[in-house]
$ cat run13.pdb   # PDB, C-alpha atoms
ATOM      1  CA  GLY F   1      33.197  19.971-100.524
ATOM      2  CA  ALA F   2      36.223  18.881 -98.620
ATOM      3  CA  GLY F   3      37.319  22.479 -98.561
ATOM      4  CA  GLY F   4      33.883  23.430 -97.387
ATOM      5  CA  ALA F   5      34.081  20.762 -94.756
ATOM      6  CA  ALA F   6      37.511  21.881 -93.871
ATOM      7  CA  GLY F   7      36.232  25.397 -93.775
ATOM      8  CA  ALA F   8      33.398  24.266 -91.630
ATOM      9  CA  CYS F   9      35.779  22.268 -89.561
ATOM     10  CA  GLY F  10      38.204  25.129 -89.491
ATOM     11  CA  ALA F  11      35.423  27.375 -88.524
ATOM     12  CA  ALA F  12      34.155  24.825 -86.081
ATOM     13  CA  GLY F  13      37.692  24.125 -84.941
ATOM     14  CA  ALA F  14      38.377  27.770 -84.718
ATOM     15  CA  ALA F  15      35.159  28.273 -82.924
ATOM     16  CA  GLY F  16      35.851  25.268 -80.702
ATOM     17  CA  ALA F  17      39.392  26.336 -80.131
ATOM     18  CA  CYS F  18      38.270  29.842 -79.607
ATOM     19  CA  GLY F  19      35.472  28.639 -77.455
ATOM     20  CA  ALA F  20      37.889  26.469 -75.474
ATOM     21  CA  ALA F  21      40.361  29.272 -75.318
ATOM     22  CA  GLY F  22      37.547  31.587 -74.378
ATOM     23  CA  ALA F  23      36.407  29.203 -71.703
ATOM     24  CA  SER F  24      39.976  28.714 -70.609
ATOM     25  CA  GLY F  25      40.575  32.407 -70.846
ATOM     26  CA  ALA F  26      37.371  33.033 -69.033
ATOM     27  CA  ALA F  27      38.328  30.454 -66.467
ATOM     28  CA  GLY F  28      41.790  31.957 -66.286
ATOM     29  CA  ALA F  29      40.402  35.405 -66.075
ATOM     30  CA  SER F  30      37.870  34.220 -63.566
ATOM     31  CA  GLY F  31      40.576  32.422 -61.668
ATOM     32  CA  ALA F  32      42.781  35.470 -61.833
ATOM     33  CA  ALA F  33      39.899  37.644 -60.913
ATOM     34  CA  GLY F  34      39.014  35.241 -58.138
ATOM     35  CA  ALA F  35      42.579  35.225 -56.893
ATOM     36  CA  SER F  36      42.774  38.927 -57.334
ATOM     37  CA  GLY F  37      39.385  39.309 -55.731
ATOM     38  CA  ALA F  38      40.413  37.052 -52.877
ATOM     39  CA  ALA F  39      43.623  38.960 -52.504
ATOM     40  CA  GLY F  40      41.689  42.178 -52.765
ATOM     41  CA  ALA F  41      39.184  40.980 -50.221
ATOM     42  CA  SER F  42      42.001  39.823 -48.003
ATOM     43  CA  GLY F  43      43.806  43.080 -48.570
ATOM     44  CA  ALA F  44      40.620  45.030 -47.927
ATOM     45  CA  ALA F  45      39.991  43.038 -44.795
ATOM     46  CA  GLY F  46      43.560  43.620 -43.743
ATOM     47  CA  ALA F  47      43.296  47.311 -44.500
ATOM     48  CA  SER F  48      39.955  47.470 -42.777
ATOM     49  CA  GLY F  49      41.319  45.566 -39.823
ATOM     50  CA  ALA F  50      44.318  47.864 -39.654
ATOM     51  CA  ALA F  51      42.085  50.880 -39.975
ATOM     52  CA  GLY F  52      39.814  49.460 -37.319
ATOM     53  CA  ALA F  53      42.748  48.852 -35.014
ATOM     54  CA  SER F  54      44.028  52.303 -35.772
ATOM     55  CA  GLY F  55      40.564  53.770 -35.241
ATOM     56  CA  ALA F  56      40.185  51.961 -31.932
ATOM     57  CA  ALA F  57      43.587  53.149 -30.866
ATOM     58  CA  GLY F  58      42.652  56.657 -31.937
ATOM     59  CA  ALA F  59      39.413  56.543 -30.012
ATOM     60  CA  SER F  60      41.217  55.173 -27.019
ATOM     61  CA  GLY F  61      43.888  57.806 -27.358
ATOM     62  CA  ALA F  62      41.319  60.569 -27.629
ATOM     63  CA  ALA F  63      39.518  59.301 -24.583
ATOM     64  CA  GLY F  64      42.798  59.051 -22.746
ATOM     65  CA  ALA F  65      43.755  62.557 -23.730
ATOM     66  CA  ALA F  66      40.390  63.866 -22.632
ATOM     67  CA  GLY F  67      40.673  62.071 -19.316
ATOM     68  CA  GLY F  68      44.234  63.236 -18.829
ATOM     69  CA  THR F  69      43.502  66.921 -19.246
ATOM     70  CA  GLY F  70      40.423  67.123 -17.760
ATOM     71  CA  CYS F  71      38.560  67.186 -14.988
ATOM     72  CA  ASP F  72      38.162  64.730 -12.129
ATOM     73  CA  ASP F  73      36.263  66.094  -9.157
ATOM     74  CA  THR F  74      36.688  62.851  -7.232
ATOM     75  CA  VAL F  75      40.363  63.662  -6.673
ATOM     76  CA  GLY F  76      40.951  66.151  -3.883
ATOM     77  CA  VAL F  77      41.702  66.394  -0.196
ATOM     78  CA  PRO F  78      39.836  69.217   1.571
ATOM     79  CA  VAL F  79      41.749  70.544   4.566
ATOM     80  CA  ALA F  80      40.195  70.430   8.023
ATOM     81  CA  CYS F  81      37.887  73.276   8.974
ATOM     82  CA  GLY F  82      38.937  73.775  12.588
ATOM     83  CA  ASP F  83      41.653  76.352  11.902
ATOM     84  CA  LEU F  84      39.067  78.738  10.472
ATOM     85  CA  ASP F  85      37.724  79.214  13.991
ATOM     86  CA  GLY F  86      38.727  82.591  15.418
ATOM     87  CA  LEU F  87      39.808  84.083  12.076
ATOM     88  CA  GLY F  88      37.138  86.773  11.834
ATOM     89  CA  SER F  89      33.788  87.930  13.054
ATOM     90  CA  CYS F  90      32.066  85.405  10.766
ATOM     91  CA  ASP F  91      34.254  82.501  11.809
ATOM     92  CA  GLU F  92      31.403  80.470  13.277
ATOM     93  CA  TRP F  93      29.461  80.559  10.004
ATOM     94  CA  THR F  94      32.595  80.070   7.957
ATOM     95  CA  VAL F  95      33.418  76.873   9.835
ATOM     96  CA  ALA F  96      29.836  75.694   9.279
ATOM     97  CA  ALA F  97      30.106  76.504   5.557
ATOM     98  CA  CYS F  98      33.429  74.681   5.392
ATOM     99  CA  GLU F  99      31.920  71.596   6.988
ATOM    100  CA  ALA F 100      28.940  71.779   4.609
ATOM    101  CA  ALA F 101      31.322  71.888   1.645
ATOM    102  CA  THR F 102      33.250  68.906   2.988
ATOM    103  CA  SER F 103      30.060  66.887   3.405
ATOM    104  CA  ASN F 104      28.156  67.908   0.267
ATOM    105  CA  PHE F 105      30.671  68.813  -2.441
ATOM    106  CA  LYS F 106      32.781  66.479  -4.534
ATOM    107  CA  PRO F 107      36.325  66.310  -3.098
ATOM    108  CA  ARG F 108      38.118  68.591  -5.556
ATOM    109  CA  VAL F 109      35.305  71.162  -5.387
ATOM    110  CA  ALA F 110      35.323  71.100  -1.583
ATOM    111  CA  GLU F 111      39.091  71.483  -1.609
ATOM    112  CA  ALA F 112      38.819  74.608  -3.799
ATOM    113  CA  ALA F 113      36.039  76.149  -1.696
ATOM    114  CA  ILE F 114      37.899  75.638   1.577
ATOM    115  CA  ALA F 115      41.225  76.837   0.160
ATOM    116  CA  CYS F 116      39.402  80.034  -0.823
ATOM    117  CA  MET F 117      38.067  80.431   2.722
ATOM    118  CA  TYR F 118      41.561  80.028   4.173
ATOM    119  CA  SER F 119      43.052  82.453   1.657
ATOM    120  CA  GLN F 120      40.982  85.308   3.046
ATOM    121  CA  GLY F 121      41.377  87.064   6.370
ATOM    122  CA  GLY F 122      39.492  89.013   9.002
ATOM    123  CA  ASP F 123      35.933  89.981   8.167
ATOM    124  CA  VAL F 124      36.505  88.963   4.557
ATOM    125  CA  TYR F 125      35.753  85.477   5.861
ATOM    126  CA  CYS F 126      32.128  86.531   5.622
ATOM    127  CA  ASP F 127      32.484  85.882   1.885
ATOM    128  CA  TYR F 128      32.416  82.131   2.423
ATOM    129  CA  TYR F 129      29.350  81.805   0.203
ATOM    130  CA  ASP F 130      31.280  83.395  -2.644
ATOM    131  CA  CYS F 131      33.980  80.768  -2.146
ATOM    132  CA  MET F 132      31.392  78.009  -2.292
ATOM    133  CA  ARG F 133      29.681  79.334  -5.410
ATOM    134  CA  THR F 134      32.957  79.992  -7.229
ATOM    135  CA  ALA F 135      34.184  76.473  -6.455
ATOM    136  CA  LEU F 136      30.907  74.940  -7.654
ATOM    137  CA  SER F 137      31.027  76.902 -10.896
ATOM    138  CA  GLY F 138      34.470  75.436 -11.559
ATOM    139  CA  ALA F 139      33.290  71.833 -11.238
ATOM    140  CA  CYS F 140      33.662  69.330 -14.056
ATOM    141  CA  GLU F 141      30.689  68.982 -16.363
ATOM    142  CA  ASP F 142      28.406  66.261 -15.069
ATOM    143  CA  SER F 143      26.181  64.660 -17.712
ATOM    144  CA  SER F 144      24.669  62.115 -15.332
ATOM    145  CA  GLN F 145      20.922  61.592 -15.233
ATOM    146  CA  ASP F 146      20.585  62.660 -11.596
ATOM    147  CA  ALA F 147      22.177  66.052 -12.336
ATOM    148  CA  ALA F 148      19.820  66.497 -15.297
ATOM    149  CA  ASP F 149      16.815  65.437 -13.214
ATOM    150  CA  LEU F 150      17.710  67.897 -10.451
ATOM    151  CA  CYS F 151      17.928  70.762 -12.949
ATOM    152  CA  THR F 152      14.590  69.754 -14.457
ATOM    153  CA  ALA F 153      12.999  69.732 -11.003
ATOM    154  CA  ALA F 154      14.549  73.129 -10.213
ATOM    155  CA  ALA F 155      13.227  74.589 -13.481
ATOM    156  CA  ASN F 156       9.732  73.399 -12.571
ATOM    157  CA  SER F 157       9.759  74.363  -8.885
ATOM    158  CA  CYS F 158      12.133  77.256  -8.191
ATOM    159  CA  ASP F 159      11.039  80.852  -8.509
ATOM    160  CA  ASP F 160      14.265  82.055 -10.143
ATOM    161  CA  ALA F 161      14.417  81.810 -13.934
ATOM    162  CA  MET F 162      17.685  79.904 -14.219
ATOM    163  CA  THR F 163      19.025  78.422 -17.442
ATOM    164  CA  SER F 164      20.154  74.816 -17.633
ATOM    165  CA  ALA F 165      23.805  75.959 -17.758
ATOM    166  CA  GLU F 166      23.335  78.126 -14.661
ATOM    167  CA  CYS F 167      21.711  75.227 -12.846
ATOM    168  CA  HIS F 168      24.536  72.838 -13.734
ATOM    169  CA  ALA F 169      27.037  75.427 -12.485
ATOM    170  CA  LEU F 170      25.484  74.899  -9.048
ATOM    171  CA  VAL F 171      24.713  71.183  -8.996
ATOM    172  CA  ASP F 172      27.470  69.489 -11.003
ATOM    173  CA  GLY F 173      29.949  69.870  -8.136
ATOM    174  CA  LEU F 174      27.619  68.391  -5.521
ATOM    175  CA  ASN F 175      28.103  64.843  -4.319
ATOM    176  CA  GLU F 176      25.273  62.375  -3.816
ATOM    177  CA  ASP F 177      24.417  63.669  -0.336
ATOM    178  CA  GLY F 178      24.460  67.275  -1.507
ATOM    179  CA  ARG F 179      22.137  66.575  -4.416
ATOM    180  CA  ALA F 180      19.722  64.652  -2.232
ATOM    181  CA  ALA F 181      19.525  67.568   0.210
ATOM    182  CA  VAL F 182      19.087  70.133  -2.574
ATOM    183  CA  ALA F 183      16.441  67.951  -4.254
ATOM    184  CA  THR F 184      14.469  67.862  -1.003
ATOM    185  CA  CYS F 185      14.642  71.654  -0.775
ATOM    186  CA  VAL F 186      13.624  72.066  -4.430
ATOM    187  CA  THR F 187      10.585  69.820  -4.144
ATOM    188  CA  SER F 188       9.558  71.520  -0.902
ATOM    189  CA  GLY F 189       8.960  74.849  -2.583
ATOM    190  CA  CYS F 190      12.211  76.503  -3.675
ATOM    191  CA  THR F 191      10.634  79.926  -3.152
ATOM    192  CA  TYR F 192      13.954  81.735  -2.974
ATOM    193  CA  GLY F 193      15.584  79.973  -5.879
ATOM    194  CA  LEU F 194      18.026  77.133  -6.398
ATOM    195  CA  TRP F 195      21.044  78.935  -4.926
ATOM    196  CA  SER F 196      19.138  79.355  -1.679
ATOM    197  CA  CYS F 197      18.787  75.558  -1.503
ATOM    198  CA  VAL F 198      22.505  75.113  -2.188
ATOM    199  CA  GLU F 199      23.713  77.690   0.299
ATOM    200  CA  GLY F 200      21.411  76.175   2.889
ATOM    201  CA  LEU F 201      23.331  72.879   2.886
TER     202      LEU F 201
END
$ encode --input "run13.pdb" --output "structure tokens"
Amino acid sequence: GAGGAAGACGAAGAAGACGAAGASGAAGASGAAGASGAAGASGAAGASGAAGASGAAGASGAAGAAGGTGCDDTVGVPVACGDLDGLGSCDEWTVAACEAATSNFKPRVAEAAIACMYSQGGDVYCDYYDCMRTALSGACEDSSQDAADLCTAAANSCDDAMTSAECHALVDGLNEDGRAAVATCVTSGCTYGLWSCVEGL
């Protein structure tokens, strides 16, 4: 009986001790897990934060690299047009085309167009439209809504079947005044195509 009791007690004690140990162990494990979890969470947050910082820096770096290589049509100083006068049989129209580029093209695009006009000589100055179109085709890509809207209007109104890329090659290098003038031409009929509206600036 006593042995049975002791056995029961031992069993109970063992169970209690085990239970206590289990609880303690569980608590310890839980505590350890909690600490570990907290540390892990902290570590994860730290890693995430570091990754985030690194990611932000990377994004910033990529943007910086893109800006640095690229393309900024707002930077440019077109030379004066007056010295084109008297340089060929088309000089009067070349000066007018030069002034149109200065007024209606973004600065870097105007600079390129006018440099092309000056680089030629004699009756070759009659190729001023080629200079204008070549300079426009070298403009930076413009993803603004007004450029997109102008190309949509041209697609709906102009008689020439021009792709979106071909349209942007003509309008992306135009400044606000140039686009407004071309938009007026486009909505007025555009019978001879978009380039006719651009060369008529």
$ closest_residue --input "run13.pdb" --among "F:Asp91, F:Arg179, F:Asp72, F:Ala153" --to "F:Gly138" --atoms "all atoms listed in the file"
F:Asp72
$ atom_distance --input "run13.pdb" --atom1 "atom CA of F:Trp195" --atom2 "atom CA of F:Gly70"
26.1 Å
$ atom_distance --input "run13.pdb" --atom1 "atom CA of F:Val186" --atom2 "atom CA of F:Ala112"
25.3 Å
$ atom_distance --input "run13.pdb" --atom1 "atom CA of F:Lys106" --atom2 "atom CA of F:Gly173"
5.7 Å
$ closest_residue --input "run13.pdb" --among "F:Thr163, F:Gly82, F:Ala96, F:Phe105" --to "F:Ala135" --atoms "all atoms listed in the file"
F:Phe105
$ resolve_selection --input "run13.pdb" --expression "the PyMOL selection byres ((chain F and resi 167) around 10)" --output "list in words"
Ser137, Ala147, Ala148, Leu150, Cys151, Thr152, Ala154, Ala155, Ala161, Met162, Thr163, Ser164, Ala165, Glu166, His168, Ala169, Leu170, Val171, Asp172, Leu194 and Trp195 of chain F
$ closest_residue --input "run13.pdb" --among "F:Leu201, F:Ala100, F:Val182, F:Val79" --to "F:Ala115" --atoms "only C-alpha atoms"
F:Val79
$ axis_aligned_box --input "run13.pdb" --around "stretch 170-181 of chain F" --padding-each-side "5 Å" --output "AutoDock Vina command-line options"
--center_x 24.7 --center_y 68.6 --center_z -5.4 --size_x 20.4 --size_y 22.5 --size_z 21.2
$ resolve_selection --input "run13.pdb" --expression "the PyMOL selection byres ((chain F and resi 117) around 12)" --output "VMD selection string"
chain F and resid 78 to 85 87 to 88 90 to 91 93 to 99 101 110 to 116 118 to 135
$ closest_residue --input "run13.pdb" --among "F:Leu136, F:Cys158, F:Val109, F:Ala183" --to "F:Val75" --atoms "all atoms listed in the file"
F:Val109
$ resolve_selection --input "run13.pdb" --expression "the PyMOL selection byres ((chain F and resi 140) around 6)" --output "VMD selection string"
chain F and resid 71 139 141
$ closest_residue --input "run13.pdb" --among "F:Pro107, F:Ser89, F:Thr102, F:Asn156" --to "F:Gly76" --atoms "all atoms listed in the file"
F:Pro107
